[in-house]
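So this block is target_37.txt, compact mmCIF, C-alpha atoms and all ligand atoms:
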```txt
# COMPACT_ATOMS: atom_id res chain seq x y z
CA MET L 131 -77.30 -67.22 64.45
CA ALA L 132 -73.58 -66.97 65.25
CA ALA L 133 -72.00 -70.39 65.86
CA GLU L 134 -71.93 -71.02 69.63
CA LYS L 135 -68.48 -71.59 71.05
CA GLU L 136 -67.75 -72.58 74.63
CA PHE L 137 -67.53 -69.40 76.71
CA PHE L 138 -65.58 -68.96 79.95
CA PRO L 139 -66.57 -65.66 81.65
CA GLY L 140 -63.45 -63.76 82.70
CA LEU L 141 -61.47 -66.32 80.62
CA GLU L 142 -61.35 -68.42 83.79
CA GLY L 143 -59.10 -71.44 83.30
CA VAL L 144 -58.34 -70.49 79.67
CA VAL L 145 -54.70 -70.84 78.58
CA ALA L 146 -53.73 -67.57 76.86
CA ALA L 147 -50.02 -68.12 76.21
CA GLU L 148 -47.14 -70.54 76.21
CA THR L 149 -44.42 -69.09 78.39
CA LYS L 150 -41.03 -69.90 79.88
CA ILE L 151 -41.36 -67.06 82.40
CA SER L 152 -43.56 -68.33 85.21
CA PHE L 153 -46.35 -70.67 86.24
CA LEU L 154 -48.58 -71.06 89.31
CA ASP L 155 -48.22 -74.73 90.13
CA THR L 156 -51.16 -75.06 92.48
CA LYS L 157 -50.69 -78.85 92.83
CA GLN L 158 -47.15 -78.47 94.23
CA GLY L 159 -48.00 -75.13 95.87
CA GLU L 160 -45.18 -73.40 93.99
CA ILE L 161 -44.84 -70.14 92.09
CA VAL L 162 -42.38 -71.25 89.42
CA VAL L 163 -40.29 -68.38 88.01
CA GLN L 164 -37.79 -69.38 85.31
CA GLY L 165 -37.78 -72.86 86.86
CA TYR L 166 -37.24 -71.72 90.47
CA ASP L 167 -39.72 -71.51 93.33
CA LEU L 168 -40.28 -67.79 93.98
CA ILE L 169 -40.86 -68.37 97.70
CA GLU L 170 -37.50 -70.12 98.09
CA LEU L 171 -35.85 -67.36 96.06
CA SER L 172 -37.40 -64.73 98.33
CA LYS L 173 -35.65 -66.29 101.33
CA THR L 174 -32.13 -66.04 99.94
CA ARG L 175 -32.15 -63.76 96.89
CA THR L 176 -32.68 -60.06 96.30
CA TYR L 177 -34.84 -58.14 93.85
CA LEU L 178 -31.79 -57.50 91.66
CA ASP L 179 -31.29 -61.27 91.38
CA ILE L 180 -34.88 -61.58 90.15
CA VAL L 181 -34.32 -58.77 87.65
CA HIS L 182 -31.37 -60.70 86.22
CA LEU L 183 -33.31 -63.96 86.32
CA LEU L 184 -36.27 -62.53 84.43
CA LEU L 185 -34.35 -60.51 81.86
CA GLU L 186 -31.28 -62.74 81.37
CA GLU L 187 -32.95 -66.08 82.16
CA ALA L 188 -30.36 -67.07 84.81
CA LEU L 189 -29.57 -66.17 88.41
CA PRO L 190 -26.62 -63.78 88.51
CA SER L 191 -23.15 -64.19 89.96
CA ALA L 192 -22.15 -61.52 92.51
CA GLN L 193 -20.37 -59.65 89.73
CA GLU L 194 -23.43 -59.80 87.43
CA ARG L 195 -25.69 -58.60 90.26
CA SER L 196 -23.52 -55.58 90.83
CA GLU L 197 -23.49 -54.88 87.08
CA VAL L 198 -27.31 -54.95 87.05
CA GLU L 199 -27.39 -52.55 89.98
CA ASP L 200 -24.93 -50.14 88.32
CA ARG L 201 -26.95 -50.30 85.12
CA LEU L 202 -30.21 -49.45 86.91
CA LYS L 203 -28.54 -46.60 88.78
CA ARG L 204 -27.35 -45.09 85.50
CA GLU L 205 -31.01 -45.07 84.41
CA TYR L 206 -32.46 -43.33 87.48
CA ASP L 207 -32.91 -39.87 85.97
CA ILE L 208 -36.13 -38.93 84.19
CA PRO L 209 -36.43 -36.09 81.66
CA ALA L 210 -37.13 -32.67 83.21
CA GLU L 211 -40.15 -32.31 80.89
CA VAL L 212 -41.72 -35.41 82.48
CA PHE L 213 -41.35 -33.78 85.90
CA HIS L 214 -42.94 -30.67 84.45
CA LEU L 215 -45.81 -32.71 83.04
CA LEU L 216 -46.44 -34.26 86.46
CA LYS L 217 -46.55 -30.77 87.97
CA LEU L 218 -49.52 -29.97 85.72
CA LEU L 219 -51.65 -32.77 87.19
CA PRO L 220 -54.41 -31.77 89.63
CA GLU L 221 -53.83 -32.42 93.33
CA ASN L 222 -56.36 -35.22 93.60
CA THR L 223 -54.63 -37.33 90.93
CA HIS L 224 -53.96 -40.84 92.25
CA PRO L 225 -50.26 -41.76 92.14
CA MET L 226 -51.17 -44.70 89.87
CA ASP L 227 -52.54 -42.17 87.37
CA GLY L 228 -49.44 -39.99 87.85
CA LEU L 229 -47.35 -43.08 87.16
CA ARG L 230 -49.45 -43.97 84.11
CA THR L 231 -48.94 -40.46 82.72
CA GLY L 232 -45.21 -40.29 83.47
CA LEU L 233 -44.54 -43.75 82.10
CA SER L 234 -46.49 -43.05 78.94
CA ALA L 235 -44.58 -39.78 78.38
CA LEU L 236 -41.22 -41.62 78.40
CA SER L 237 -41.98 -43.13 74.97
CA GLY L 238 -41.29 -39.77 73.30
CA TYR L 239 -37.68 -39.88 74.55
CA ASP L 240 -36.92 -43.24 72.96
CA PRO L 241 -35.28 -42.66 69.57
CA GLN L 242 -35.80 -46.33 68.61
CA LEU L 243 -39.45 -46.65 69.58
CA GLU L 244 -40.36 -48.73 66.52
CA ASN L 245 -37.63 -51.27 67.28
CA CYS L 246 -39.17 -54.24 69.13
CA SER L 247 -36.06 -56.45 68.90
CA LEU L 248 -34.88 -58.41 71.93
CA VAL L 249 -31.88 -56.12 72.45
CA ALA L 250 -33.91 -52.90 72.15
CA ASN L 251 -36.63 -54.21 74.47
CA LYS L 252 -34.13 -55.37 77.09
CA ASN L 253 -32.41 -51.97 77.06
CA ARG L 254 -35.81 -50.37 77.57
CA ALA L 255 -36.63 -52.76 80.39
CA TYR L 256 -33.47 -51.79 82.32
CA SER L 257 -34.18 -48.15 81.63
CA LEU L 258 -37.74 -48.46 82.96
CA LEU L 259 -36.60 -50.36 86.04
CA GLY L 260 -34.33 -47.42 86.85
CA LYS L 261 -36.95 -44.77 86.15
CA VAL L 262 -40.22 -46.20 87.48
CA PRO L 263 -39.32 -45.86 91.22
CA ASN L 264 -38.30 -42.25 90.54
CA ILE L 265 -41.63 -41.54 88.80
CA VAL L 266 -43.56 -43.29 91.60
CA ALA L 267 -41.91 -41.38 94.43
CA ASN L 268 -41.82 -38.01 92.71
CA SER L 269 -45.25 -38.07 91.07
CA TYR L 270 -46.65 -38.52 94.58
CA ARG L 271 -44.46 -35.74 95.98
CA ILE L 272 -45.26 -33.35 93.15
CA ILE L 273 -49.00 -34.02 93.37
CA GLN L 274 -48.78 -33.43 97.15
CA LYS L 275 -46.95 -30.14 96.45
CA GLN L 276 -43.84 -31.49 98.18
CA GLU L 277 -40.25 -30.93 97.03
CA ALA L 278 -39.04 -33.45 94.46
CA ILE L 279 -36.44 -35.88 95.78
CA SER L 280 -33.29 -37.03 93.97
CA PRO L 281 -32.15 -40.65 93.90
CA ARG L 282 -29.09 -41.52 95.98
CA SER L 283 -26.73 -43.78 94.08
CA GLU L 284 -24.69 -44.74 97.15
CA LEU L 285 -27.74 -46.62 98.49
CA SER L 286 -28.77 -50.03 97.15
CA TYR L 287 -31.57 -50.09 94.56
CA SER L 288 -34.23 -51.07 97.12
CA ALA L 289 -32.90 -48.82 99.88
CA ASN L 290 -32.93 -45.87 97.47
CA PHE L 291 -36.52 -46.64 96.41
CA LEU L 292 -37.65 -46.72 100.04
CA TYR L 293 -35.63 -43.59 100.80
CA MET L 294 -37.27 -41.72 97.91
CA ILE L 295 -40.70 -42.74 99.22
CA THR L 296 -40.25 -41.92 102.89
CA GLY L 297 -37.49 -39.28 102.70
CA LYS L 298 -35.54 -41.27 105.35
CA GLN L 299 -32.65 -43.64 104.86
CA PRO L 300 -33.98 -47.08 105.83
CA THR L 301 -32.25 -49.40 108.29
CA GLU L 302 -30.77 -52.62 106.87
CA PHE L 303 -33.70 -54.52 108.35
CA GLU L 304 -36.30 -52.23 106.72
CA GLU L 305 -34.45 -52.43 103.41
CA LYS L 306 -34.42 -56.24 103.58
CA ILE L 307 -38.15 -56.46 104.24
CA PHE L 308 -38.97 -53.95 101.50
CA ASP L 309 -36.71 -55.79 99.06
CA ARG L 310 -38.46 -59.07 99.91
CA SER L 311 -41.83 -57.49 99.14
CA LEU L 312 -40.46 -56.44 95.73
CA VAL L 313 -39.31 -60.02 95.08
CA LEU L 314 -42.74 -61.38 96.00
CA TYR L 315 -44.52 -58.86 93.77
CA SER L 316 -42.05 -59.26 90.85
CA GLU L 317 -43.82 -61.87 88.72
CA HIS L 318 -46.97 -63.97 88.97
CA GLU L 319 -47.85 -65.69 85.68
CA MET L 320 -50.90 -64.20 83.89
CA PRO L 321 -52.84 -61.74 86.07
CA ASN L 322 -55.03 -59.16 84.36
CA SER L 323 -52.21 -56.59 84.02
CA THR L 324 -49.79 -59.06 82.42
CA PHE L 325 -52.51 -60.23 80.04
CA THR L 326 -53.23 -56.57 79.22
CA ALA L 327 -49.56 -55.91 78.49
CA ARG L 328 -49.30 -58.98 76.26
CA VAL L 329 -52.51 -58.14 74.39
CA ILE L 330 -51.19 -54.62 73.67
CA ALA L 331 -47.73 -55.92 72.72
CA SER L 332 -49.31 -58.43 70.33
CA THR L 333 -50.24 -55.59 67.95
CA LEU L 334 -46.46 -54.83 67.89
CA SER L 335 -47.16 -51.76 69.98
CA ASP L 336 -44.21 -50.71 72.14
CA LEU L 337 -43.18 -51.58 75.70
CA TYR L 338 -44.22 -48.16 77.07
CA GLY L 339 -47.75 -48.58 75.71
CA ALA L 340 -48.00 -52.14 77.00
CA LEU L 341 -46.87 -51.07 80.48
CA THR L 342 -49.07 -47.99 80.48
CA GLY L 343 -52.08 -50.24 79.87
CA ALA L 344 -50.84 -52.55 82.60
CA VAL L 345 -50.77 -49.65 85.11
CA ALA L 346 -54.44 -48.98 84.44
CA SER L 347 -55.26 -52.65 84.84
CA LEU L 348 -53.27 -53.05 88.04
CA LYS L 349 -54.89 -50.01 89.65
CA GLY L 350 -58.28 -51.71 90.08
CA ASN L 351 -59.31 -53.00 93.51
CA LEU L 352 -59.80 -56.52 92.25
CA HIS L 353 -56.10 -56.49 91.32
CA GLY L 354 -53.27 -54.33 92.70
CA GLY L 355 -55.53 -51.69 94.23
CA ALA L 356 -56.48 -54.23 96.91
CA ASN L 357 -53.41 -53.48 99.05
CA GLU L 358 -54.49 -49.86 99.60
CA ALA L 359 -58.08 -50.93 100.27
CA VAL L 360 -56.85 -53.43 102.90
CA MET L 361 -55.02 -50.71 104.82
CA HIS L 362 -58.04 -48.42 104.81
CA MET L 363 -60.11 -51.29 106.18
CA LEU L 364 -57.59 -52.04 108.95
CA LEU L 365 -57.40 -48.37 109.95
CA GLU L 366 -61.19 -48.03 109.92
CA ALA L 367 -61.46 -50.97 112.32
CA GLY L 368 -58.55 -50.12 114.63
CA SER L 369 -58.89 -53.16 116.93
CA VAL L 370 -59.36 -56.92 116.73
CA VAL L 371 -62.98 -56.76 117.91
CA SER L 372 -63.96 -53.93 115.56
CA PHE L 373 -62.20 -55.64 112.66
CA GLU L 374 -64.17 -58.85 113.16
CA GLU L 375 -67.37 -56.80 113.37
CA LEU L 376 -66.46 -54.91 110.20
CA LEU L 377 -65.74 -58.15 108.32
CA LYS L 378 -68.98 -59.68 109.57
CA ALA L 379 -70.98 -56.65 108.40
CA LYS L 380 -69.32 -56.73 104.98
CA ILE L 381 -70.02 -60.45 104.58
CA GLU L 382 -73.66 -59.88 105.53
CA LYS L 383 -73.89 -57.19 102.86
CA LYS L 384 -72.22 -59.63 100.42
CA GLU L 385 -69.34 -57.25 99.90
CA ARG L 386 -65.94 -58.45 98.71
CA ILE L 387 -63.31 -58.36 101.43
CA MET L 388 -60.15 -56.86 100.02
CA GLY L 389 -56.99 -58.92 100.40
CA PHE L 390 -58.81 -62.25 100.35
CA GLY L 391 -59.38 -64.78 97.58
CA HIS L 392 -57.61 -65.33 94.29
CA ARG L 393 -58.73 -66.55 90.87
CA VAL L 394 -56.00 -69.21 90.67
CA TYR L 395 -55.41 -70.16 94.32
CA MET L 396 -59.19 -70.14 94.88
CA LYS L 397 -59.64 -71.56 98.37
CA LYS L 398 -55.95 -72.14 99.03
CA VAL L 399 -53.51 -69.79 100.70
CA ASP L 400 -51.32 -67.54 98.55
CA PRO L 401 -47.80 -68.64 99.59
CA ARG L 402 -46.52 -65.08 99.16
CA ALA L 403 -48.93 -63.91 101.88
CA LEU L 404 -47.24 -66.21 104.40
CA MET L 405 -43.86 -64.62 103.69
CA MET L 406 -45.26 -61.13 104.23
CA LYS L 407 -47.08 -62.28 107.35
CA GLU L 408 -43.71 -63.37 108.75
CA ALA L 409 -42.23 -60.00 107.77
CA LEU L 410 -45.10 -58.20 109.52
CA LYS L 411 -44.45 -60.19 112.70
CA GLN L 412 -40.75 -59.28 112.58
CA LEU L 413 -41.54 -55.60 112.04
CA CYS L 414 -44.10 -55.56 114.86
CA ASP L 415 -41.65 -57.31 117.22
CA THR L 416 -38.92 -54.82 116.37
CA LYS L 417 -41.22 -51.86 116.99
CA GLY L 418 -42.63 -53.46 120.16
CA ASP L 419 -46.26 -53.15 119.03
CA ASP L 420 -47.99 -56.18 117.60
CA SER L 421 -51.54 -54.75 117.45
CA LEU L 422 -51.60 -54.69 113.64
CA TYR L 423 -50.33 -58.26 113.47
CA GLN L 424 -52.99 -59.37 115.96
CA MET L 425 -55.72 -57.70 113.87
CA CYS L 426 -54.54 -59.25 110.64
CA GLU L 427 -54.25 -62.70 112.12
CA ALA L 428 -57.72 -62.42 113.68
CA GLY L 429 -59.11 -61.31 110.29
CA GLU L 430 -57.43 -64.24 108.59
CA LYS L 431 -58.93 -66.75 111.07
CA PHE L 432 -62.33 -65.09 110.84
CA MET L 433 -62.42 -65.28 107.04
CA GLU L 434 -61.30 -68.90 107.04
CA LYS L 435 -64.09 -69.79 109.48
CA GLU L 436 -66.84 -67.70 107.86
CA LYS L 437 -66.04 -67.95 104.13
CA GLY L 438 -63.33 -70.60 103.77
CA ILE L 439 -61.12 -68.12 101.90
CA TYR L 440 -57.54 -67.11 102.57
CA PRO L 441 -55.40 -63.98 102.38
CA ASN L 442 -53.51 -63.04 99.24
CA LEU L 443 -50.22 -61.12 99.15
CA ASP L 444 -51.96 -57.73 99.29
CA TYR L 445 -53.49 -58.52 102.69
CA TYR L 446 -50.11 -58.75 104.43
CA ALA L 447 -48.14 -56.39 102.15
CA ALA L 448 -50.42 -53.51 103.20
CA PRO L 449 -49.65 -53.58 106.96
CA VAL L 450 -45.97 -54.24 106.19
CA TYR L 451 -45.87 -51.05 104.10
CA TRP L 452 -47.70 -49.21 106.88
CA MET L 453 -45.10 -50.32 109.42
CA LEU L 454 -42.37 -49.15 107.02
CA GLY L 455 -43.92 -45.66 107.06
CA ILE L 456 -45.05 -45.73 103.42
CA PRO L 457 -48.01 -43.46 102.48
CA ILE L 458 -51.04 -45.59 101.54
CA PRO L 459 -51.51 -44.12 98.00
CA LEU L 460 -48.07 -45.52 97.13
CA TYR L 461 -48.84 -49.17 97.95
CA THR L 462 -50.21 -50.01 94.49
CA PRO L 463 -47.55 -48.01 92.59
CA ILE L 464 -44.91 -49.98 94.55
CA PHE L 465 -46.60 -53.22 93.47
CA PHE L 466 -46.41 -51.98 89.88
CA SER L 467 -42.74 -50.97 90.21
CA ALA L 468 -41.88 -54.44 91.46
CA ARG L 469 -43.94 -56.03 88.67
CA THR L 470 -42.25 -53.88 85.99
CA VAL L 471 -39.62 -56.56 85.48
CA GLY L 472 -42.18 -59.34 85.08
CA LEU L 473 -44.22 -57.25 82.67
CA CYS L 474 -41.12 -56.42 80.61
CA ALA L 475 -40.20 -60.12 80.43
CA HIS L 476 -43.71 -60.92 79.16
CA VAL L 477 -43.67 -58.16 76.53
CA ILE L 478 -40.23 -59.32 75.37
CA GLU L 479 -41.52 -62.89 75.09
CA GLN L 480 -44.67 -61.75 73.29
CA HIS L 481 -42.66 -59.75 70.77
CA SER L 482 -40.27 -62.69 70.25
CA HIS L 483 -43.05 -65.22 69.45
CA ASN L 484 -45.88 -62.99 68.44
CA ARG L 485 -49.39 -63.93 67.43
CA LEU L 486 -51.99 -61.17 67.49
CA PHE L 487 -54.61 -61.59 70.24
CA ARG L 488 -57.97 -61.46 68.54
CA PRO L 489 -60.65 -63.57 70.26
CA ARG L 490 -64.26 -64.08 69.13
CA VAL L 491 -67.65 -63.66 70.83
CA ASN L 492 -70.90 -65.50 71.20
CA TYR L 493 -73.34 -62.90 69.90
CA ILE L 494 -76.41 -62.73 72.14
CA GLY L 495 -78.00 -59.65 70.54
CA GLU L 496 -80.75 -59.55 67.95
CA ARG L 497 -80.49 -59.82 64.16
CA ARG L 498 -82.54 -57.10 62.45
CA ALA L 499 -83.66 -56.58 58.90
N1 LIG O 501 -64.56 -61.57 99.77
C1 LIG O 501 -65.70 -62.24 99.89
N2 LIG O 501 -66.04 -63.28 99.12
C2 LIG O 501 -65.17 -63.66 98.18
C3 LIG O 501 -63.96 -62.99 98.00
C4 LIG O 501 -63.67 -61.91 98.83
N3 LIG O 501 -62.52 -61.25 98.71
N4 LIG O 501 -63.30 -63.57 96.98
C5 LIG O 501 -64.07 -64.57 96.55
N5 LIG O 501 -65.20 -64.63 97.28
C6 LIG O 501 -66.27 -65.57 97.14
C7 LIG O 501 -67.27 -65.12 96.09
O1 LIG O 501 -68.26 -64.31 96.62
C8 LIG O 501 -67.77 -66.44 95.60
O2 LIG O 501 -68.69 -66.95 96.54
P1 LIG O 501 -69.99 -67.74 96.08
O3 LIG O 501 -69.47 -68.95 95.35
O4 LIG O 501 -70.67 -68.02 97.36
O5 LIG O 501 -70.72 -66.80 95.16
C9 LIG O 501 -66.55 -67.35 95.65
O6 LIG O 501 -65.71 -66.80 96.65
C10 LIG O 501 -65.80 -67.42 94.33
O7 LIG O 501 -65.55 -66.10 93.90
P2 LIG O 501 -65.37 -65.64 92.39
O8 LIG O 501 -66.08 -64.36 92.20
O9 LIG O 501 -65.67 -66.75 91.43
O10 LIG O 501 -63.81 -65.43 92.38
P3 LIG O 501 -62.99 -64.66 91.27
O11 LIG O 501 -62.00 -65.61 90.74
O12 LIG O 501 -63.80 -63.95 90.26
O13 LIG O 501 -62.33 -63.55 92.17
C11 LIG O 501 -60.86 -62.07 93.12
C12 LIG O 501 -60.99 -63.42 92.43
C13 LIG O 501 -59.38 -61.82 93.43
C14 LIG O 501 -61.36 -60.99 92.17
C15 LIG O 501 -61.69 -62.08 94.42
O14 LIG O 501 -61.22 -63.08 95.28
C16 LIG O 501 -61.73 -60.73 95.10
O15 LIG O 501 -62.55 -59.89 94.76
N6 LIG O 501 -60.83 -60.51 96.09
C17 LIG O 501 -60.75 -59.23 96.74
C18 LIG O 501 -59.84 -58.30 95.97
C19 LIG O 501 -58.41 -58.70 96.10
O16 LIG O 501 -57.92 -58.99 97.18
N7 LIG O 501 -57.72 -58.66 94.97
C20 LIG O 501 -56.32 -59.00 94.91
C21 LIG O 501 -56.16 -60.31 94.25
S1 LIG O 501 -54.48 -60.85 94.31
```
Taking this structure as input, can you express it in the form of structure tokens?
Amino acid sequence: MAAEKEFFPGLEGVVAAETKISFLDTKQGEIVVQGYDLIELSKTRTYLDIVHLLLEEALPSAQERSEVEDRLKREYDIPAEVFHLLKLLPENTHPMDGLRTGLSALSGYDPQLENCSLVANKNRAYSLLGKVPNIVANSYRIIQKQEAISPRSELSYSANFLYMITGKQPTEFEEKIFDRSLVLYSEHEMPNSTFTARVIASTLSDLYGALTGAVASLKGNLHGGANEAVMHMLLEAGSVVSFEELLKAKIEKKERIMGFGHRVYMKKVDPRALMMKEALKQLCDTKGDDSLYQMCEAGEKFMEKEKGIYPNLDYYAAPVYWMLGIPIPLYTPIFFSARTVGLCAHVIEQHSHNRLFRPRVNYIGERRA
């Protein structure tokens, strides 16, 4: 018999790394990122500030922020061959799979692929942060047989990303809300995708491989894919009454309701969801139609009453993206784009203090002669 060791299905509650990057402090109700509360940062700081914070371990001065932005803009372009590769994908390819393919293909253009030093990894991280939004927007366009769109360097990083997605230059208000969603999605301790990236990096495999694995992980409905599933559910319902009926029917069938619950927050609210709820209210007020907000709020109250569980970020990010005119299949790729910086920080940290991930099992099969 194999020696029995204590087993935690899904590694629930197991500490998998020591990190200086982030921590979900559920006692204080804070998402600590490099020592700061992410929610507070999201009120006053931009995504570029978070990029600097995660890659340079300090909030930037105005000058440093503009240097980060210039650096990302210089990295916008992706090789023509990668565009060509995306054109070969069948029409029903999900943009997350287009992204996974495009991201993976970038490794061949890195002349220093074997170099996992801090400097080389940081350069790669900035390069990926410039390129991933381009791959996201254009893989979707190409798969949809639409014209490819070029980045516009005169727009801010977030405004350009939103422009490339919708084809329209966003208002300052839309840009601000989109940027805030990127901040909230940027980093979140050790979800499945971050663990995946660190596990891959621990073999000294490269950043592209680690992030490619993370795309696949993040695509699933129990993780990043939930934001798209939420929007489909809201559209299927279409009104407060129908939404409550739909939720009731799903609960009766013991189905998971997308956008609710969280492994770490358990039965507490995800503080990021509250920020996006506020953004949804502002968007609805501006557009003079609060029907989506009313539905979401009714769903939230219903789930609290029936199941005692609360919304996560995906629940409110989905209707916010809808109100911003973003196609549903891009919701999860946008989550990934925002998380690129967090994932890069984790891979950099893993490579700097590496120990190969290699857990054991409790064997429950037979022994045979
Ligand atoms: N809908 C309905 N019930 C849910 C639920 C949901 N979204 N999330 C958790 N629960 C219930 C479970 O059925 C279980 O109930 P029980 O004790 O009566 O059996 C209880 O809450 C604990 O759930 P558990 O399966 O242990 O939670 P987990 O840590 O494995 O799951 C998630 C975490 C995120 C996978 C889960 O909450 C989920 O599936 N959410 C929907 C997908 C989603 O929004 N993902 C994005 C996460 S940020």
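Nearest to ligand LIG 501 (chain O) of all the residues L:Leu454, L:Leu312, L:Leu443, L:Cys426 is L:Leu443, counting only C-alpha atoms and all ligand atoms.
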### Query
Which of these, L:Leu377, L:Ala409, L:Ala468, L:Val491, has the shortest distance to ligand LIG 501 (chain O) once you count all atoms listed in the file?
L:Leu377
### Query
For Ile169 of chain L, which residue among L:Val212, L:Ile439, L:Ala403, L:Ala192 is the nearest when counting only C-alpha atoms?
L:Ala403
For chain L against ligand LIG 501 (chain O), with a cut-off of 8 Å and counting only C-alpha atoms and all ligand atoms, what is the closest atom pair and its distance in Å to one decimal for every residue that makes the cut, ordered by chain and number, as JSON lines?
```
{"residue": "L:Gly140", "atom": "CA", "partner": "O:LIG501", "partner_atom": "O12", "distance": 7.6}
{"residue": "L:Glu142", "atom": "CA", "partner": "O:LIG501", "partner_atom": "O11", "distance": 7.5}
{"residue": "L:Asn351", "atom": "CA", "partner": "O:LIG501", "partner_atom": "C18", "distance": 5.9}
{"residue": "L:Leu352", "atom": "CA", "partner": "O:LIG501", "partner_atom": "N7", "distance": 4.0}
{"residue": "L:His353", "atom": "CA", "partner": "O:LIG501", "partner_atom": "C20", "distance": 4.4}
{"residue": "L:Gly354", "atom": "CA", "partner": "O:LIG501", "partner_atom": "C20", "distance": 6.0}
{"residue": "L:Gly355", "atom": "CA", "partner": "O:LIG501", "partner_atom": "N7", "distance": 7.3}
{"residue": "L:Ala356", "atom": "CA", "partner": "O:LIG501", "partner_atom": "C19", "distance": 4.9}
{"residue": "L:Asn357", "atom": "CA", "partner": "O:LIG501", "partner_atom": "O16", "distance": 7.4}
{"residue": "L:Ile381", "atom": "CA", "partner": "O:LIG501", "partner_atom": "C1", "distance": 6.6}
{"residue": "L:Lys384", "atom": "CA", "partner": "O:LIG501", "partner_atom": "C1", "distance": 7.0}
{"residue": "L:Glu385", "atom": "CA", "partner": "O:LIG501", "partner_atom": "C1", "distance": 6.2}
{"residue": "L:Arg386", "atom": "CA", "partner": "O:LIG501", "partner_atom": "N1", "distance": 3.6}
{"residue": "L:Ile387", "atom": "CA", "partner": "O:LIG501", "partner_atom": "N1", "distance": 3.8}
{"residue": "L:Met388", "atom": "CA", "partner": "O:LIG501", "partner_atom": "C17", "distance": 4.1}
{"residue": "L:Gly389", "atom": "CA", "partner": "O:LIG501", "partner_atom": "O16", "distance": 3.4}
{"residue": "L:Phe390", "atom": "CA", "partner": "O:LIG501", "partner_atom": "N3", "distance": 4.2}
{"residue": "L:Gly391", "atom": "CA", "partner": "O:LIG501", "partner_atom": "O14", "distance": 3.4}
{"residue": "L:His392", "atom": "CA", "partner": "O:LIG501", "partner_atom": "C13", "distance": 4.0}
{"residue": "L:Arg393", "atom": "CA", "partner": "O:LIG501", "partner_atom": "O11", "distance": 3.4}
{"residue": "L:Val394", "atom": "CA", "partner": "O:LIG501", "partner_atom": "O11", "distance": 7.0}
{"residue": "L:Met396", "atom": "CA", "partner": "O:LIG501", "partner_atom": "O11", "distance": 6.7}
{"residue": "L:Lys397", "atom": "CA", "partner": "O:LIG501", "partner_atom": "O6", "distance": 7.9}
{"residue": "L:Lys437", "atom": "CA", "partner": "O:LIG501", "partner_atom": "N2", "distance": 6.8}
{"residue": "L:Ile439", "atom": "CA", "partner": "O:LIG501", "partner_atom": "C3", "distance": 7.0}
{"residue": "L:Pro441", "atom": "CA", "partner": "O:LIG501", "partner_atom": "O16", "distance": 7.6}
{"residue": "L:Asn442", "atom": "CA", "partner": "O:LIG501", "partner_atom": "S1", "distance": 5.5}
{"residue": "L:Leu443", "atom": "CA", "partner": "O:LIG501", "partner_atom": "S1", "distance": 6.5}
{"residue": "L:Asp444", "atom": "CA", "partner": "O:LIG501", "partner_atom": "C20", "distance": 6.3}
{"residue": "L:Tyr445", "atom": "CA", "partner": "O:LIG501", "partner_atom": "O16", "distance": 7.1}
```
Expected file: the selected residues, C-alpha atoms, as a CSV table (one decimal), keeping the file's coordinate frame:
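Full text of out-v2.csv as output:
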```
chain,number,residue,atom,x,y,z
L,140,GLY,CA,-63.4,-63.8,82.7
L,142,GLU,CA,-61.4,-68.4,83.8
L,351,ASN,CA,-59.3,-53.0,93.5
L,352,LEU,CA,-59.8,-56.5,92.2
L,353,HIS,CA,-56.1,-56.5,91.3
L,354,GLY,CA,-53.3,-54.3,92.7
L,355,GLY,CA,-55.5,-51.7,94.2
L,356,ALA,CA,-56.5,-54.2,96.9
L,357,ASN,CA,-53.4,-53.5,99.0
L,381,ILE,CA,-70.0,-60.4,104.6
L,384,LYS,CA,-72.2,-59.6,100.4
L,385,GLU,CA,-69.3,-57.2,99.9
L,386,ARG,CA,-65.9,-58.4,98.7
L,387,ILE,CA,-63.3,-58.4,101.4
L,388,MET,CA,-60.2,-56.9,100.0
L,389,GLY,CA,-57.0,-58.9,100.4
L,390,PHE,CA,-58.8,-62.2,100.4
L,391,GLY,CA,-59.4,-64.8,97.6
L,392,HIS,CA,-57.6,-65.3,94.3
L,393,ARG,CA,-58.7,-66.6,90.9
L,394,VAL,CA,-56.0,-69.2,90.7
L,396,MET,CA,-59.2,-70.1,94.9
L,397,LYS,CA,-59.6,-71.6,98.4
L,437,LYS,CA,-66.0,-68.0,104.1
L,439,ILE,CA,-61.1,-68.1,101.9
L,441,PRO,CA,-55.4,-64.0,102.4
L,442,ASN,CA,-53.5,-63.0,99.2
L,443,LEU,CA,-50.2,-61.1,99.2
L,444,ASP,CA,-52.0,-57.7,99.3
L,445,TYR,CA,-53.5,-58.5,102.7
```
#### Entry: Contacts of segment 305-310 of chain L at 9 Å (all atoms listed in the file; same-chain gap of 3+ positions) as a list in words
Ser172, Lys173, Arg175, Thr176, Tyr177, Ser286, Tyr287, Ser288, Ala289, Asn290, Leu292, Pro300, Thr301, Glu302, Val313, Leu314, Tyr315, Met405, Met406, Ala409, Leu410, Leu413, Val450, Tyr451 and Leu454 of chain L
#### Entry: segment 266-280 of chain L environment, 9 Å, all atoms listed in the file, sequence neighbours closer than 4 positions dropped, as a PyMOL selection string
chain L and resi 207+213+216-226+228-229+232+261-262+291-292+294-297+459-460+463-464+467
Padding of 3 Å on every side, edges along x, y and z, all listed atoms of segment 380-394 of chain L included: what centre and edge lengths in Å, to one decimal, does that box have, as AutoDock Vina command-line options?
```
--center_x -64.9 --center_y -63.0 --center_z 98.1 --size_x 23.9 --size_y 18.5 --size_z 20.9
```
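As for atom CA of Thr326 of chain L and atom CA of Leu236 of chain L, they are spaced 19.2 Å apart.
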